[in-house]
Structure formats: C-alpha cells, structure tokens
Amino acid sequence: MPDATFSALPTTVFEEMSGLARAHGAINLGQGFPDDPGPEALRRKAAEAVLEGYNQYPPMAGLPELRTAVAGHYHRTQGLALDPMTEVVITSGATEALAATFLALIEPGDEVIVFQPLYDAYLPLIRRAGGTPRLISLSPPHWRFTRAMLEAAITPRTRFVVLNNPVNPTGVVVSHDDLTILAEVCVANDLIAVCDEVWEQVVFGPAVHRPLMAFPGMAGRCVKIGSAGKMFGLTGWKVGFVCAAEPLARLVAKAHQFLTFTTPPNLQTAAAFGLETGADWFRTMPRTLAASQACLAQALEREGFRVLRSSGTYFLNVDLAASGVGLGDRDFALLAVREAGVAAIPVSALYETEPVTTILRLCFAKADETLEAGAVRLARARDLAARPGGQPPAGRAI
C-alpha cells in the first residue's frame, strides 16, 4: 500500500500558482525565478564542460574543484574556515541538501523547531525523517522571534532548529542580535541548527548577512546550506552546498549518496568557475535586484498598496488589509491570477497553523515593465475584490 505521508499532501502553492499563471496567460510574480538568463560566462562554461569535459559520475561528495571553491568563497565573504574535503558536500540543489540533512540527522521522535511562515518543503521532509515539527509563528511587519519564544518551544525531545536566513517569504535578513539569541539558546540546550542560507548573496544594504555558523559555540553544531542557483540567478541548475563540521558532513554525505548520489559535473564545473571569478557579479547583482525591488515597491505604492520592507531575497510583501483589500490572501491571489492576470503567493499557504491571512508575496526579479504592469493588474484585482461580496464577474468562478 502507498504511504499516505506524501499521497495526502496538496500540490505546493508555487506549482499551483505558476500553473494558473500559465493557464491564464498571467504575469507570474509568484514563483521565485528571475526572467534574466543568468551570467553568460557561467552558461558558456557549463556548455563547454559538456562538450569538452568529463560527463560520467563525478565523486559522490562533489568535484574537488567545486568543494574547494565553496570553501574559498565562504572564507572570503563570511570568514568561515572550512576543510573542503571533509566539511563540504555538493548536492543536487538546496532542497536535496535539506532532505539529506534531515534524513541523516533526525531520529524518530526528535522534535525540530521551525519558524512559520516557512519554505513549504521543511515540514514534509522533517516528518518523513521521523521528526516532529515544533512551530514558532512570526508576525508582520517585522517577523522577529524572541528568546522567550524559543525557550517556550523547547522540550526534552528537541534536537534541532531550522533557520532560513535571509527569509523566504518575508524578505527579512536576521539581525546580529537575533542570531546571538538563537546561538545562545542552541548552545545552552545542545541543539543542532540547520541553516538554510540560500539567499545569502541576495542582500540589500544596509543589511548584512551573517552565518549562524560563525557565532560562538556554533561551528560544530551547524549545517549550513547554500545554493549556486540562487547565488547566480540560475534556479534550474540545482547545485547545492552543505557545509558542516566533519562528523555532521559525513552523515549528510551518507544520506546524499542514496538520494541523488551526485550532481551533473558540467554544472559543478561552472559553479566552481563562478565562485572563483564572480566578485564583480556578487557586487553588482544585489544592486540590480535592489533597483528592481524599488521599482515594484514604487509601482505598488502608486496604486495605493502598503508594502512591507524587504532586505533580501527576490521577494517583497503587500499588506492586503492595510491596502483596502477585504478578501483573505488566498482568495485574493486566486482572483488576481484568474481575473486580473497576475500571479502572487498567499503567505497563509506557508503556515501550517493559525496563518496570517493578510499578506501577499511578490517576486521582483523581473524586468521593470513586467513589474509595473503587474502592479497595475494587482490594482485591477483590488477593484474586482471590491464588488459586492468580493465576487468576480458573473460566469467566472474562483
């Protein structure tokens, strides 16, 4: 008999909204991918590696040149001292890195602290590994946790905490003070931190990304996960990095070998090239995205929407209630994609319990004209929502 753990799960909200965008010819400001093709030098390097390089199984833990490049990048940019051969593992994307980490480290009955709203893969992966999530709910506009919230979630069975920083969907870059609190709580309670840091390069000044691994007492109790796809705006490449002290990295590698085993060697070669030569990219890319964020925020504000601050990622959020929208975020998102031709993500879908239902997530990694058109269409959706009962025109059901 099939296991109901997965068969009962709904389709991810990202796939749902992107599918509706395709079906209705809508502007897709929902799923987080850029409409730029990505750095040409890296794409050429990947193509050359297919034609001229090695195309058989690479080492299970990753090409040595990529593991070395990952360690070098994090030493230069975040001050981390990693042994590339014992403390870095290459995976087929960051989600596979999360799966390998949870399957390797969680024992049945372990409790795992997770902050919501959250990336929707966390909970099914934790449960599949035998863990029990302990949810901490964060609220707009600042989405902060406190020491009291952390301590209230800890029980004798708590073994892990999952931190996404910078945060999808909120756009928050977790502050030094909040990271200090989290590190102190982890050390005091002997917790391992699984740090999903895939947006670490997509940060806008004056915010600064700081890895939890660098805080006192955390080097040996962190699993740091990164993503070449997010770093270089090549989301389809699915090249992830796991960085951890050798005992943890060894266990994660053992799980990885029975998931995807390895990752396409040409993409690993190109990712290594990008990390070694991408200093200019890492300076200019955040500035370009910050300008796109400002474009969308200004367009939305001209249309009368209340925009929440975003310090990183591809996302900013709209407060629907403060923008004159009476519908909940999911109903409004369905109305917007089907009737106004713009797709967005209802943040309530990224809660498991007691969701905030007034926040809509939008992706700004698009051309200015796309963003401006999206804002106009979102305003059209607000006008439609203001009809009696918030209903779409006759004959068009949501």
# chains A, B, ... in the order shown; residues from 1 in each chain; ligands from 1
>>> residues_around(residues="segment 264-276 of chain A", least_positions_apart="2", cutoff="10 Å", atoms="only C-alpha atoms", output="PyMOL selection string")
chain A and resi 39+41-59+62-74+90-92+227-229+231-232+237-240+262+278-279+281-282
>>> closest_residue(among="A:Val307, A:Leu125, A:Val162, A:Val203", to="Pro141 of chain A", atoms="only C-alpha atoms")
A:Val307
>>> residues_around(residues="Pro355 of chain A", least_positions_apart="2", cutoff="12 Å", atoms="only C-alpha atoms", output="JSON, numbers by chain")
{"A": [116, 117, 118, 135, 136, 137, 138, 139, 140, 328, 329, 330, 346, 347, 348, 349, 350, 351, 352, 353, 357, 358, 359]}
>>> residues_around(residues="segment 245-257 of chain A", least_positions_apart="5", cutoff="7 Å", atoms="only C-alpha atoms", output="list in words")
Met60, Ala61, Thr86, Glu87, Val88, Val89, Ala100, Thr101, Leu103, Ala104, Ala219 and Gly220 of chain A
>>> write_last_selection(atoms="N, CA and C atoms", output="PDB file, in the first residue's frame")
ATOM      1  N   MET A  60      30.969  11.293  -5.372  1.00  0.00           N
ATOM      2  CA  MET A  60      29.683  11.425  -4.697  1.00  0.00           C
ATOM      3  C   MET A  60      29.556  12.727  -3.921  1.00  0.00           C
ATOM      4  N   ALA A  61      30.600  13.139  -3.222  1.00  0.00           N
ATOM      5  CA  ALA A  61      30.545  14.342  -2.399  1.00  0.00           C
ATOM      6  C   ALA A  61      30.788  15.623  -3.189  1.00  0.00           C
ATOM      7  N   THR A  86      36.516  17.574   3.807  1.00  0.00           N
ATOM      8  CA  THR A  86      35.810  16.883   4.890  1.00  0.00           C
ATOM      9  C   THR A  86      34.592  17.645   5.395  1.00  0.00           C
ATOM     10  N   GLU A  87      34.452  18.915   5.008  1.00  0.00           N
ATOM     11  CA  GLU A  87      33.377  19.734   5.576  1.00  0.00           C
ATOM     12  C   GLU A  87      32.478  20.374   4.511  1.00  0.00           C
ATOM     13  N   VAL A  88      32.610  19.959   3.267  1.00  0.00           N
ATOM     14  CA  VAL A  88      31.765  20.469   2.182  1.00  0.00           C
ATOM     15  C   VAL A  88      31.261  19.283   1.358  1.00  0.00           C
ATOM     16  N   VAL A  89      29.950  19.249   1.118  1.00  0.00           N
ATOM     17  CA  VAL A  89      29.317  18.224   0.292  1.00  0.00           C
ATOM     18  C   VAL A  89      28.455  18.933  -0.748  1.00  0.00           C
ATOM     19  N   ALA A 100      18.676  15.449   2.623  1.00  0.00           N
ATOM     20  CA  ALA A 100      19.784  14.629   3.099  1.00  0.00           C
ATOM     21  C   ALA A 100      20.103  14.931   4.556  1.00  0.00           C
ATOM     22  N   THR A 101      20.072  16.200   4.922  1.00  0.00           N
ATOM     23  CA  THR A 101      20.368  16.595   6.297  1.00  0.00           C
ATOM     24  C   THR A 101      19.335  16.036   7.262  1.00  0.00           C
ATOM     25  N   LEU A 103      17.197  13.508   6.807  1.00  0.00           N
ATOM     26  CA  LEU A 103      17.224  12.046   6.835  1.00  0.00           C
ATOM     27  C   LEU A 103      18.444  11.517   7.578  1.00  0.00           C
ATOM     28  N   ALA A 104      19.558  12.231   7.488  1.00  0.00           N
ATOM     29  CA  ALA A 104      20.792  11.777   8.131  1.00  0.00           C
ATOM     30  C   ALA A 104      20.787  12.002   9.639  1.00  0.00           C
ATOM     31  N   ALA A 219      30.092  26.491  15.445  1.00  0.00           N
ATOM     32  CA  ALA A 219      30.804  25.886  14.313  1.00  0.00           C
ATOM     33  C   ALA A 219      30.587  24.380  14.236  1.00  0.00           C
ATOM     34  N   GLY A 220      30.514  23.715  15.370  1.00  0.00           N
ATOM     35  CA  GLY A 220      30.362  22.271  15.382  1.00  0.00           C
ATOM     36  C   GLY A 220      28.926  21.796  15.436  1.00  0.00           C
TER      37      GLY A 220
END
>>> closest_atom_pairs(of="segment 165-190 of chain A", to="segment 142-155 of chain A", cutoff="10 Å", atoms="only C-alpha atoms", output="CSV")
residue,atom,partner,partner_atom,distance
A:Val167,CA,A:Trp143,CA,9.6
A:Thr170,CA,A:Trp143,CA,7.4
A:Gly171,CA,A:Trp143,CA,9.6
A:Val172,CA,A:Trp143,CA,7.5
A:Val174,CA,A:Arg144,CA,8.2
A:Ser175,CA,A:Arg144,CA,9.2
A:Asp178,CA,A:Phe145,CA,7.4
A:Leu179,CA,A:Phe145,CA,9.9
A:Thr180,CA,A:Arg147,CA,9.9
A:Ile181,CA,A:Arg147,CA,6.2
A:Leu182,CA,A:Arg147,CA,7.4
A:Glu184,CA,A:Arg147,CA,9.2
A:Val185,CA,A:Glu151,CA,7.5
A:Cys186,CA,A:Leu150,CA,9.5
A:Asn189,CA,A:Ile154,CA,8.4
>>> select_by_dssp(residues="segment 134-203 of chain A", states="strand (DSSP E)", output="VMD selection string")
chain A and resid 134 to 137 158 to 164 192 to 196
>>> atom_distance(atom1="atom CA of Phe33 of chain A", atom2="atom CA of Gln78 of chain A")
25.2 Å
>>> atom_distance(atom1="atom CA of Pro84 of chain A", atom2="atom CA of Arg221 of chain A")
17.5 Å
>>> atom_distance(atom1="atom CA of Arg338 of chain A", atom2="atom CA of Leu20 of chain A")
7.4 Å
>>> residues_around(residues="Val202 of chain A", least_positions_apart="4", cutoff="6 Å", atoms="only C-alpha atoms", output="JSON, numbers by chain")
{"A": [286, 312, 313]}
>>> closest_residue(among="A:Glu339, A:Glu200, A:Asp36, A:Glu303", to="Ala385 of chain A", atoms="only C-alpha atoms")
A:Glu339
>>> residues_around(residues="Thr158 of chain A", least_positions_apart="3", cutoff="8 Å", atoms="only C-alpha atoms", output="JSON list (two decimals) with all heavy atoms, in the first residue's frame")
[["chain", "number", "residue", "atom", "x", "y", "z"],
["A", 110, "ASP", "N", 12.47, 12.79, 17.43],
["A", 110, "ASP", "CA", 13.15, 14.08, 17.64],
["A", 110, "ASP", "C", 12.21, 15.23, 17.29],
["A", 110, "ASP", "O", 11.46, 15.16, 16.31],
["A", 110, "ASP", "CB", 14.39, 14.19, 16.76],
["A", 110, "ASP", "CG", 15.56, 13.38, 17.26],
["A", 110, "ASP", "OD1", 15.52, 12.91, 18.42],
["A", 110, "ASP", "OD2", 16.52, 13.20, 16.48],
["A", 111, "GLU", "N", 12.27, 16.28, 18.09],
["A", 111, "GLU", "CA", 11.50, 17.48, 17.80],
["A", 111, "GLU", "C", 12.39, 18.52, 17.13],
["A", 111, "GLU", "O", 13.58, 18.66, 17.48],
["A", 111, "GLU", "CB", 10.88, 18.05, 19.06],
["A", 111, "GLU", "CG", 9.79, 17.16, 19.63],
["A", 111, "GLU", "CD", 9.08, 17.75, 20.83],
["A", 111, "GLU", "OE1", 9.55, 18.80, 21.35],
["A", 111, "GLU", "OE2", 8.06, 17.17, 21.26],
["A", 112, "VAL", "N", 11.80, 19.24, 16.17],
["A", 112, "VAL", "CA", 12.54, 20.19, 15.34],
["A", 112, "VAL", "C", 11.80, 21.53, 15.38],
["A", 112, "VAL", "O", 10.64, 21.60, 14.96],
["A", 112, "VAL", "CB", 12.66, 19.70, 13.89],
["A", 112, "VAL", "CG1", 13.51, 20.66, 13.07],
["A", 112, "VAL", "CG2", 13.24, 18.29, 13.84],
["A", 113, "ILE", "N", 12.45, 22.57, 15.87],
["A", 113, "ILE", "CA", 11.85, 23.90, 15.91],
["A", 113, "ILE", "C", 11.92, 24.51, 14.52],
["A", 113, "ILE", "O", 12.98, 24.54, 13.89],
["A", 113, "ILE", "CB", 12.56, 24.79, 16.93],
["A", 113, "ILE", "CG1", 12.31, 24.26, 18.36],
["A", 113, "ILE", "CG2", 12.09, 26.24, 16.82],
["A", 113, "ILE", "CD1", 13.10, 25.00, 19.41],
["A", 154, "ILE", "N", 10.99, 24.63, 23.38],
["A", 154, "ILE", "CA", 11.93, 23.55, 23.65],
["A", 154, "ILE", "C", 11.35, 22.58, 24.68],
["A", 154, "ILE", "O", 10.78, 22.98, 25.69],
["A", 154, "ILE", "CB", 13.27, 24.14, 24.16],
["A", 154, "ILE", "CG1", 13.94, 24.95, 23.05],
["A", 154, "ILE", "CG2", 14.19, 23.03, 24.64],
["A", 154, "ILE", "CD1", 15.16, 25.71, 23.50],
["A", 155, "THR", "N", 11.49, 21.29, 24.37],
["A", 155, "THR", "CA", 11.12, 20.22, 25.29],
["A", 155, "THR", "C", 12.32, 19.27, 25.41],
["A", 155, "THR", "O", 13.32, 19.43, 24.69],
["A", 155, "THR", "CB", 9.90, 19.43, 24.77],
["A", 155, "THR", "OG1", 10.33, 18.52, 23.74],
["A", 155, "THR", "CG2", 8.81, 20.35, 24.24],
["A", 191, "LEU", "N", 21.45, 22.05, 20.89],
["A", 191, "LEU", "CA", 20.67, 21.90, 19.67],
["A", 191, "LEU", "C", 21.56, 22.04, 18.44],
["A", 191, "LEU", "O", 22.50, 22.84, 18.43],
["A", 191, "LEU", "CB", 19.56, 22.96, 19.59],
["A", 191, "LEU", "CG", 18.58, 23.02, 20.75],
["A", 191, "LEU", "CD1", 17.53, 24.09, 20.47],
["A", 191, "LEU", "CD2", 17.93, 21.68, 21.00]]
>>> closest_residue(among="A:Val325, A:Val114, A:Ala381, A:Leu316", to="Ala343 of chain A", atoms="only C-alpha atoms")
A:Ala381
>>> residues_around(residues="Gly32 of chain A", least_positions_apart="4", cutoff="8 Å", atoms="only C-alpha atoms", output="number ranges by chain")
A: 314-315, 363, 365
>>> select_by_dssp(residues="segment 67-194 of chain A", states="helix (DSSP H, G or I)", output="number ranges by chain")
A: 67-78, 94-105, 122-128, 147-153, 176-189
